[in-house]
$ cat protein_12.cif   # mmCIF, C-alpha atoms
data_protein
loop_
_atom_site.group_PDB
_atom_site.id
_atom_site.type_symbol
_atom_site.label_atom_id
_atom_site.label_comp_id
_atom_site.auth_asym_id
_atom_site.auth_seq_id
_atom_site.Cartn_x
_atom_site.Cartn_y
_atom_site.Cartn_z
ATOM 1 C CA MET J 1 0.000 0.000 0.000
ATOM 2 C CA GLY J 2 1.070 3.597 -0.451
ATOM 3 C CA VAL J 3 2.548 5.403 -3.418
ATOM 4 C CA THR J 4 3.072 2.170 -5.369
ATOM 5 C CA GLU J 5 -0.601 1.235 -5.028
ATOM 6 C CA ILE J 6 -1.766 4.580 -6.440
ATOM 7 C CA ARG J 7 0.955 4.680 -9.105
ATOM 8 C CA ASN J 8 0.064 1.201 -10.343
ATOM 9 C CA ARG J 9 -3.570 2.217 -10.804
ATOM 10 C CA GLY J 10 -2.674 5.518 -12.482
ATOM 11 C CA VAL J 11 -6.108 7.143 -12.316
ATOM 12 C CA VAL J 12 -8.234 7.879 -9.260
ATOM 13 C CA ALA J 13 -11.908 8.566 -9.979
ATOM 14 C CA VAL J 14 -13.277 11.308 -7.716
ATOM 15 C CA ILE J 15 -16.940 10.480 -7.135
ATOM 16 C CA ARG J 16 -19.401 12.946 -5.625
ATOM 17 C CA GLY J 17 -23.069 12.302 -5.001
ATOM 18 C CA ALA J 18 -23.110 8.516 -5.376
ATOM 19 C CA THR J 19 -25.490 6.353 -3.341
ATOM 20 C CA PRO J 20 -24.930 2.879 -1.855
ATOM 21 C CA GLU J 21 -26.979 1.577 -4.786
ATOM 22 C CA SER J 22 -25.455 3.575 -7.646
ATOM 23 C CA ILE J 23 -21.821 3.112 -6.584
ATOM 24 C CA ILE J 24 -21.868 -0.526 -7.715
ATOM 25 C CA SER J 25 -22.921 0.352 -11.260
ATOM 26 C CA ILE J 26 -20.452 3.245 -11.357
ATOM 27 C CA GLY J 27 -17.655 1.096 -9.967
ATOM 28 C CA ASN J 28 -18.297 -1.699 -12.448
ATOM 29 C CA ALA J 29 -18.280 0.712 -15.399
ATOM 30 C CA LEU J 30 -15.012 2.282 -14.247
ATOM 31 C CA LYS J 31 -13.428 -1.108 -13.519
ATOM 32 C CA ASP J 32 -14.406 -2.405 -16.949
ATOM 33 C CA GLY J 33 -12.615 0.620 -18.395
ATOM 34 C CA GLY J 34 -9.512 -0.006 -16.288
ATOM 35 C CA VAL J 35 -9.976 2.577 -13.518
ATOM 36 C CA THR J 36 -9.732 0.684 -10.239
ATOM 37 C CA ALA J 37 -9.335 3.424 -7.615
ATOM 38 C CA LEU J 38 -12.492 5.150 -6.352
ATOM 39 C CA GLU J 39 -12.429 8.253 -4.168
ATOM 40 C CA ILE J 40 -15.846 8.695 -2.545
ATOM 41 C CA THR J 41 -16.123 12.219 -1.185
ATOM 42 C CA MET J 42 -17.302 12.585 2.397
ATOM 43 C CA GLU J 43 -19.612 15.546 1.793
ATOM 44 C CA THR J 44 -21.825 13.072 -0.063
ATOM 45 C CA PRO J 45 -24.930 12.116 1.944
ATOM 46 C CA ARG J 46 -24.484 8.655 3.523
ATOM 47 C CA ALA J 47 -20.870 8.648 2.326
ATOM 48 C CA ALA J 48 -19.824 6.047 4.891
ATOM 49 C CA SER J 49 -22.518 3.688 3.592
ATOM 50 C CA VAL J 50 -21.362 4.280 0.012
ATOM 51 C CA ILE J 51 -17.785 3.387 0.979
ATOM 52 C CA GLU J 52 -18.974 0.326 2.878
ATOM 53 C CA ALA J 53 -21.068 -0.895 -0.061
ATOM 54 C CA ALA J 54 -18.235 -0.416 -2.566
ATOM 55 C CA ALA J 55 -15.571 -1.969 -0.332
ATOM 56 C CA ALA J 56 -17.741 -5.006 0.406
ATOM 57 C CA TYR J 57 -18.728 -5.551 -3.223
ATOM 58 C CA PHE J 58 -15.400 -5.027 -4.971
ATOM 59 C CA GLY J 59 -12.980 -6.344 -2.369
ATOM 60 C CA ASP J 60 -9.370 -6.250 -3.579
ATOM 61 C CA GLU J 61 -10.363 -5.680 -7.220
ATOM 62 C CA VAL J 62 -10.905 -1.967 -6.590
ATOM 63 C CA LEU J 63 -9.119 0.379 -4.197
ATOM 64 C CA VAL J 64 -11.900 2.235 -2.387
ATOM 65 C CA GLY J 65 -11.153 5.341 -0.368
ATOM 66 C CA ALA J 66 -12.529 8.600 0.948
ATOM 67 C CA GLY J 67 -12.095 12.151 -0.273
ATOM 68 C CA THR J 68 -12.800 15.650 1.056
ATOM 69 C CA VAL J 69 -11.764 14.458 4.509
ATOM 70 C CA LEU J 70 -11.336 17.589 6.617
ATOM 71 C CA ASP J 71 -10.571 16.159 10.046
ATOM 72 C CA PRO J 72 -9.348 13.009 11.837
ATOM 73 C CA GLU J 73 -12.820 12.123 13.097
ATOM 74 C CA THR J 74 -14.150 11.879 9.547
ATOM 75 C CA ALA J 75 -11.055 9.933 8.521
ATOM 76 C CA ARG J 76 -11.696 7.337 11.228
ATOM 77 C CA VAL J 77 -15.344 6.923 10.174
ATOM 78 C CA ALA J 78 -14.253 6.399 6.575
ATOM 79 C CA ILE J 79 -11.530 3.921 7.519
ATOM 80 C CA LEU J 80 -13.869 1.868 9.689
ATOM 81 C CA SER J 81 -16.286 1.805 6.741
ATOM 82 C CA GLY J 82 -13.610 0.228 4.554
ATOM 83 C CA ALA J 83 -11.636 3.143 3.081
ATOM 84 C CA LYS J 84 -8.086 2.202 2.070
ATOM 85 C CA PHE J 85 -6.965 5.769 1.446
ATOM 86 C CA ILE J 86 -7.775 9.208 2.826
ATOM 87 C CA PHE J 87 -7.705 12.189 0.469
ATOM 88 C CA SER J 88 -8.012 15.722 1.818
ATOM 89 C CA PRO J 89 -8.183 19.126 0.115
ATOM 90 C CA THR J 90 -5.931 20.624 2.805
ATOM 91 C CA VAL J 91 -3.014 19.766 5.084
ATOM 92 C CA ARG J 92 -3.928 18.764 8.633
ATOM 93 C CA LYS J 93 -1.413 16.824 10.663
ATOM 94 C CA GLU J 94 -4.016 15.054 12.805
ATOM 95 C CA THR J 95 -5.779 13.673 9.729
ATOM 96 C CA ILE J 96 -2.523 12.328 8.321
ATOM 97 C CA THR J 97 -1.705 10.770 11.698
ATOM 98 C CA MET J 98 -5.115 9.067 11.844
ATOM 99 C CA ALA J 99 -4.629 7.525 8.399
ATOM 100 C CA LYS J 100 -1.157 6.263 9.279
ATOM 101 C CA ARG J 101 -2.397 4.907 12.619
ATOM 102 C CA TYR J 102 -4.752 2.587 10.748
ATOM 103 C CA GLY J 103 -2.284 1.765 7.982
ATOM 104 C CA VAL J 104 -4.172 3.389 5.120
ATOM 105 C CA ILE J 105 -2.796 5.663 2.400
ATOM 106 C CA SER J 106 -2.641 9.345 3.342
ATOM 107 C CA VAL J 107 -3.024 11.911 0.558
ATOM 108 C CA PRO J 108 -3.490 15.496 1.753
ATOM 109 C CA GLY J 109 -4.085 18.317 -0.674
ATOM 110 C CA ALA J 110 -1.466 21.043 -0.940
ATOM 111 C CA PHE J 111 -0.485 23.690 -3.450
ATOM 112 C CA THR J 112 2.634 25.653 -2.510
ATOM 113 C CA PRO J 113 6.098 24.112 -2.089
ATOM 114 C CA THR J 114 5.947 24.844 1.650
ATOM 115 C CA GLU J 115 2.569 23.117 2.048
ATOM 116 C CA ILE J 116 3.742 20.130 0.015
ATOM 117 C CA LEU J 117 6.951 19.682 2.015
ATOM 118 C CA THR J 118 5.117 20.159 5.318
ATOM 119 C CA ALA J 119 2.544 17.487 4.442
ATOM 120 C CA TYR J 120 5.299 15.084 3.410
ATOM 121 C CA GLU J 121 7.190 15.717 6.652
ATOM 122 C CA TYR J 122 3.964 14.958 8.551
ATOM 123 C CA GLY J 123 3.986 11.483 6.996
ATOM 124 C CA ALA J 124 1.814 11.769 3.884
ATOM 125 C CA ASP J 125 2.343 8.999 1.313
ATOM 126 C CA LEU J 126 1.828 11.326 -1.618
ATOM 127 C CA ILE J 127 0.513 14.827 -2.141
ATOM 128 C CA LYS J 128 -2.579 15.839 -4.056
ATOM 129 C CA VAL J 129 -1.678 19.056 -5.880
ATOM 130 C CA PHE J 130 -4.979 20.919 -5.723
ATOM 131 C CA PRO J 131 -6.376 22.797 -7.531
ATOM 132 C CA ALA J 132 -4.049 21.657 -10.298
ATOM 133 C CA ASP J 133 -5.745 23.643 -13.049
ATOM 134 C CA ALA J 134 -4.835 26.939 -11.389
ATOM 135 C CA PHE J 135 -1.447 26.811 -13.159
ATOM 136 C CA GLY J 136 -1.500 23.525 -15.079
ATOM 137 C CA PRO J 137 1.189 20.934 -15.922
ATOM 138 C CA SER J 138 4.014 23.482 -16.070
ATOM 139 C CA TYR J 139 3.484 24.287 -12.391
ATOM 140 C CA LEU J 140 3.690 20.601 -11.486
ATOM 141 C CA LYS J 141 6.945 20.332 -13.419
ATOM 142 C CA ASN J 142 8.320 23.325 -11.527
ATOM 143 C CA LEU J 143 7.386 21.690 -8.219
ATOM 144 C CA ALA J 144 8.936 18.362 -9.182
ATOM 145 C CA GLY J 145 12.260 20.058 -9.902
ATOM 146 C CA PRO J 146 13.269 20.974 -6.319
ATOM 147 C CA LEU J 147 11.056 18.274 -4.752
ATOM 148 C CA PRO J 148 11.784 15.166 -6.862
ATOM 149 C CA HIS J 149 11.495 12.824 -3.865
ATOM 150 C CA ILE J 150 7.879 13.825 -3.119
ATOM 151 C CA PRO J 151 5.251 11.978 -5.196
ATOM 152 C CA LEU J 152 2.640 14.335 -6.617
ATOM 153 C CA MET J 153 -0.867 13.697 -7.939
ATOM 154 C CA PRO J 154 -2.675 16.577 -9.680
ATOM 155 C CA THR J 155 -6.406 16.892 -9.065
ATOM 156 C CA GLY J 156 -8.829 19.548 -10.222
ATOM 157 C CA GLY J 157 -9.387 20.250 -13.892
ATOM 158 C CA VAL J 158 -7.684 17.078 -15.099
ATOM 159 C CA ASP J 159 -9.127 15.891 -18.410
ATOM 160 C CA LEU J 160 -8.179 13.809 -21.448
ATOM 161 C CA HIS J 161 -6.422 16.775 -23.042
ATOM 162 C CA ASN J 162 -3.939 17.365 -20.213
ATOM 163 C CA THR J 163 -3.520 13.974 -18.512
ATOM 164 C CA ALA J 164 -0.461 13.041 -20.565
ATOM 165 C CA ASP J 165 1.078 16.468 -19.939
ATOM 166 C CA TYR J 166 0.654 16.044 -16.195
ATOM 167 C CA MET J 167 2.264 12.611 -16.311
ATOM 168 C CA LYS J 168 5.208 13.918 -18.325
ATOM 169 C CA ALA J 169 5.531 16.795 -15.845
ATOM 170 C CA GLY J 170 6.155 14.309 -13.045
ATOM 171 C CA ALA J 171 2.785 13.128 -11.736
ATOM 172 C CA VAL J 172 2.650 9.592 -10.310
ATOM 173 C CA ALA J 173 -1.102 9.465 -11.039
ATOM 174 C CA VAL J 174 -4.032 11.792 -11.692
ATOM 175 C CA GLY J 175 -7.298 12.430 -9.886
ATOM 176 C CA VAL J 176 -10.267 12.886 -12.224
ATOM 177 C CA GLY J 177 -13.662 14.224 -11.130
ATOM 178 C CA SER J 178 -16.801 15.110 -13.048
ATOM 179 C CA THR J 179 -15.013 14.761 -16.394
ATOM 180 C CA LEU J 180 -15.170 11.033 -15.724
ATOM 181 C CA VAL J 181 -18.079 10.553 -13.286
ATOM 182 C CA ASN J 182 -21.014 12.962 -13.277
ATOM 183 C CA THR J 183 -23.659 11.690 -10.862
ATOM 184 C CA LYS J 184 -25.978 14.591 -11.664
ATOM 185 C CA LYS J 185 -26.892 12.867 -14.908
ATOM 186 C CA PRO J 186 -29.111 9.746 -14.983
ATOM 187 C CA LEU J 187 -27.104 6.515 -14.874
ATOM 188 C CA THR J 188 -28.574 5.016 -18.004
ATOM 189 C CA GLU J 189 -26.960 2.086 -19.814
ATOM 190 C CA GLU J 190 -25.617 4.552 -22.358
ATOM 191 C CA ALA J 191 -24.149 6.776 -19.627
ATOM 192 C CA LEU J 192 -22.435 3.821 -17.979
ATOM 193 C CA PHE J 193 -21.060 2.628 -21.326
ATOM 194 C CA ASN J 194 -19.694 6.106 -22.009
ATOM 195 C CA MET J 195 -18.159 6.139 -18.533
ATOM 196 C CA LYS J 196 -16.417 2.848 -19.252
ATOM 197 C CA GLU J 197 -15.106 4.161 -22.562
ATOM 198 C CA LYS J 198 -13.860 7.382 -21.000
ATOM 199 C CA ALA J 199 -12.177 5.444 -18.192
ATOM 200 C CA ALA J 200 -10.345 3.399 -20.809
ATOM 201 C CA ASP J 201 -9.307 6.610 -22.568
ATOM 202 C CA PHE J 202 -7.809 8.025 -19.363
ATOM 203 C CA ILE J 203 -5.931 4.797 -18.652
ATOM 204 C CA ASN J 204 -4.627 4.809 -22.213
ATOM 205 C CA GLU J 205 -3.391 8.412 -21.863
ATOM 206 C CA VAL J 206 -1.477 7.483 -18.708
ATOM 207 C CA LYS J 207 -0.016 4.387 -20.356
ATOM 208 C CA LYS J 208 1.099 6.258 -23.479
ATOM 209 C CA ALA J 209 2.683 9.045 -21.431
ATOM 210 C CA ARG J 210 4.614 6.541 -19.301
ATOM 211 C CA GLU J 211 5.841 4.714 -22.399
ATOM 212 C CA GLU J 212 7.017 7.998 -23.887
ATOM 213 C CA ILE J 213 8.809 8.891 -20.664
ATOM 214 C CA GLN J 214 10.593 5.530 -20.655
ATOM 215 C CA MET J 215 11.529 5.907 -24.307
ATOM 216 C CA THR J 216 12.953 9.386 -23.713
ATOM 217 C CA ALA J 217 14.950 8.146 -20.723
ATOM 218 C CA ARG J 218 16.721 5.585 -22.904
ATOM 219 C CA PHE J 219 18.236 8.232 -25.144
#
$ encode --input "protein_12.cif" --output "structure tokens"
Amino acid sequence: MGVTEIRNRGVVAVIRGATPESIISIGNALKDGGVTALEITMETPRAASVIEAAAAYFGDEVLVGAGTVLDPETARVAILSGAKFIFSPTVRKETITMAKRYGVISVPGAFTPTEILTAYEYGADLIKVFPADAFGPSYLKNLAGPLPHIPLMPTGGVDLHNTADYMKAGAVAVGVGSTLVNTKKPLTEEALFNMKEKAADFINEVKKAREEIQMTARF
């Protein structure tokens, strides 16, 4: 568990507004497309039940975790519901400590070099650079220069047009929200099929970018 687990999966789907019933259909569509890491945000009504349903149904096939975790109390609820990672939009030492206490992946959100280094020193496994679209892939590349030992995952505004650029800039993975999963729209068979196809497209972008990086490194 940790950075390797997230890196291997490449794409984390950020899911807001799912229900214990809809998360299974959403999860299956994403899994069929190759996306096997689900971040269920804790501002979602009955979020703990959504995490519990997904964790119980998918088991080890899908990495289920919690997002928008603002405090250690919420982190503990999510972990006891089956969350294997804790994503936050901010840096809070107590939340990181709670995640590490239970042996789950800690991913706080940070933006400036000072915030990123502080979160890493607190024990974070990797850092969610949020909101990534404020400055784009070039900003991530600038961060990775002086902080090459800190794994970074951009979230916020990530889409099919910039995923490869983020990977080439040094991202270990990307977090993708409503571009991939929009729960405000009806989950028809067509919508789920499109979700599967888009998931596959994101995975393909990550794969192609990594292959290009490896090719460049050889020369």
$ closest_atom_pairs --input "protein_12.cif" --of "stretch 22-108 of chain J" --to "stretch 202-206 of chain J" --cutoff "12 Å" --atoms "all atoms listed in the file" --output "Markdown table"
| residue | atom | partner | partner_atom | distance |
| --- | --- | --- | --- | --- |
| J:Leu30 | CA | J:Ile203 | CA | 10.4 |
| J:Lys31 | CA | J:Ile203 | CA | 10.8 |
| J:Asp32 | CA | J:Ile203 | CA | 11.3 |
| J:Gly33 | CA | J:Ile203 | CA | 7.9 |
| J:Gly34 | CA | J:Ile203 | CA | 6.4 |
| J:Val35 | CA | J:Ile203 | CA | 6.9 |
| J:Thr36 | CA | J:Ile203 | CA | 10.1 |
| J:Ala37 | CA | J:Ile203 | CA | 11.6 |
$ resolve_selection --input "protein_12.cif" --expression "the PyMOL selection byres ((chain J and resi 52) around 9)" --output "ChimeraX atom specification"
/J:20,47-51,53-57,78,80-83
$ closest_atom_pairs --input "protein_12.cif" --of "stretch 170-195 of chain J" --to "stretch 133-152 of chain J" --cutoff "8 Å" --atoms "only C-alpha atoms" --output "Markdown table"
| residue | atom | partner | partner_atom | distance |
| --- | --- | --- | --- | --- |
| J:Gly170 | CA | J:Lys141 | CA | 6.1 |
| J:Ala171 | CA | J:Leu152 | CA | 5.3 |
| J:Val172 | CA | J:Leu152 | CA | 6.0 |
| J:Ala173 | CA | J:Leu152 | CA | 7.6 |
$ resolve_selection --input "protein_12.cif" --expression "the PyMOL selection byres ((chain J and resi 120) around 12)" --output "ChimeraX atom specification"
/J:91-93,96-97,106-110,113-119,121-128,147,149-152
$ residues_around --input "protein_12.cif" --residues "stretch 100-105 of chain J" --least-positions-apart "6" --cutoff "6 Å" --atoms "only C-alpha atoms" --output "MDAnalysis selection string"
chainID J and resid 2 84:85
$ residues_around --input "protein_12.cif" --residues "J:Ala191" --least-positions-apart "6" --cutoff "12 Å" --atoms "only C-alpha atoms" --output "list in words"
Ser25, Ile26, Ala29, Leu30, Leu180, Val181, Asn182, Thr183, Lys184, Lys185, Glu197 and Lys198 of chain J
$ residues_around --input "protein_12.cif" --residues "J:Glu39" --least-positions-apart "4" --cutoff "9 Å" --atoms "all atoms listed in the file" --output "number ranges by chain"
J: 12-16, 51, 63-67, 83, 85-87, 175
$ resolve_selection --input "protein_12.cif" --expression "the PyMOL selection byres ((chain J and resi 73) around 12)" --output "list in words"
Met42, Val69, Leu70, Asp71, Pro72, Thr74, Ala75, Arg76, Val77, Ala78, Ile79, Leu80, Ile86, Arg92, Glu94, Thr95, Ile96, Thr97, Met98 and Ala99 of chain J
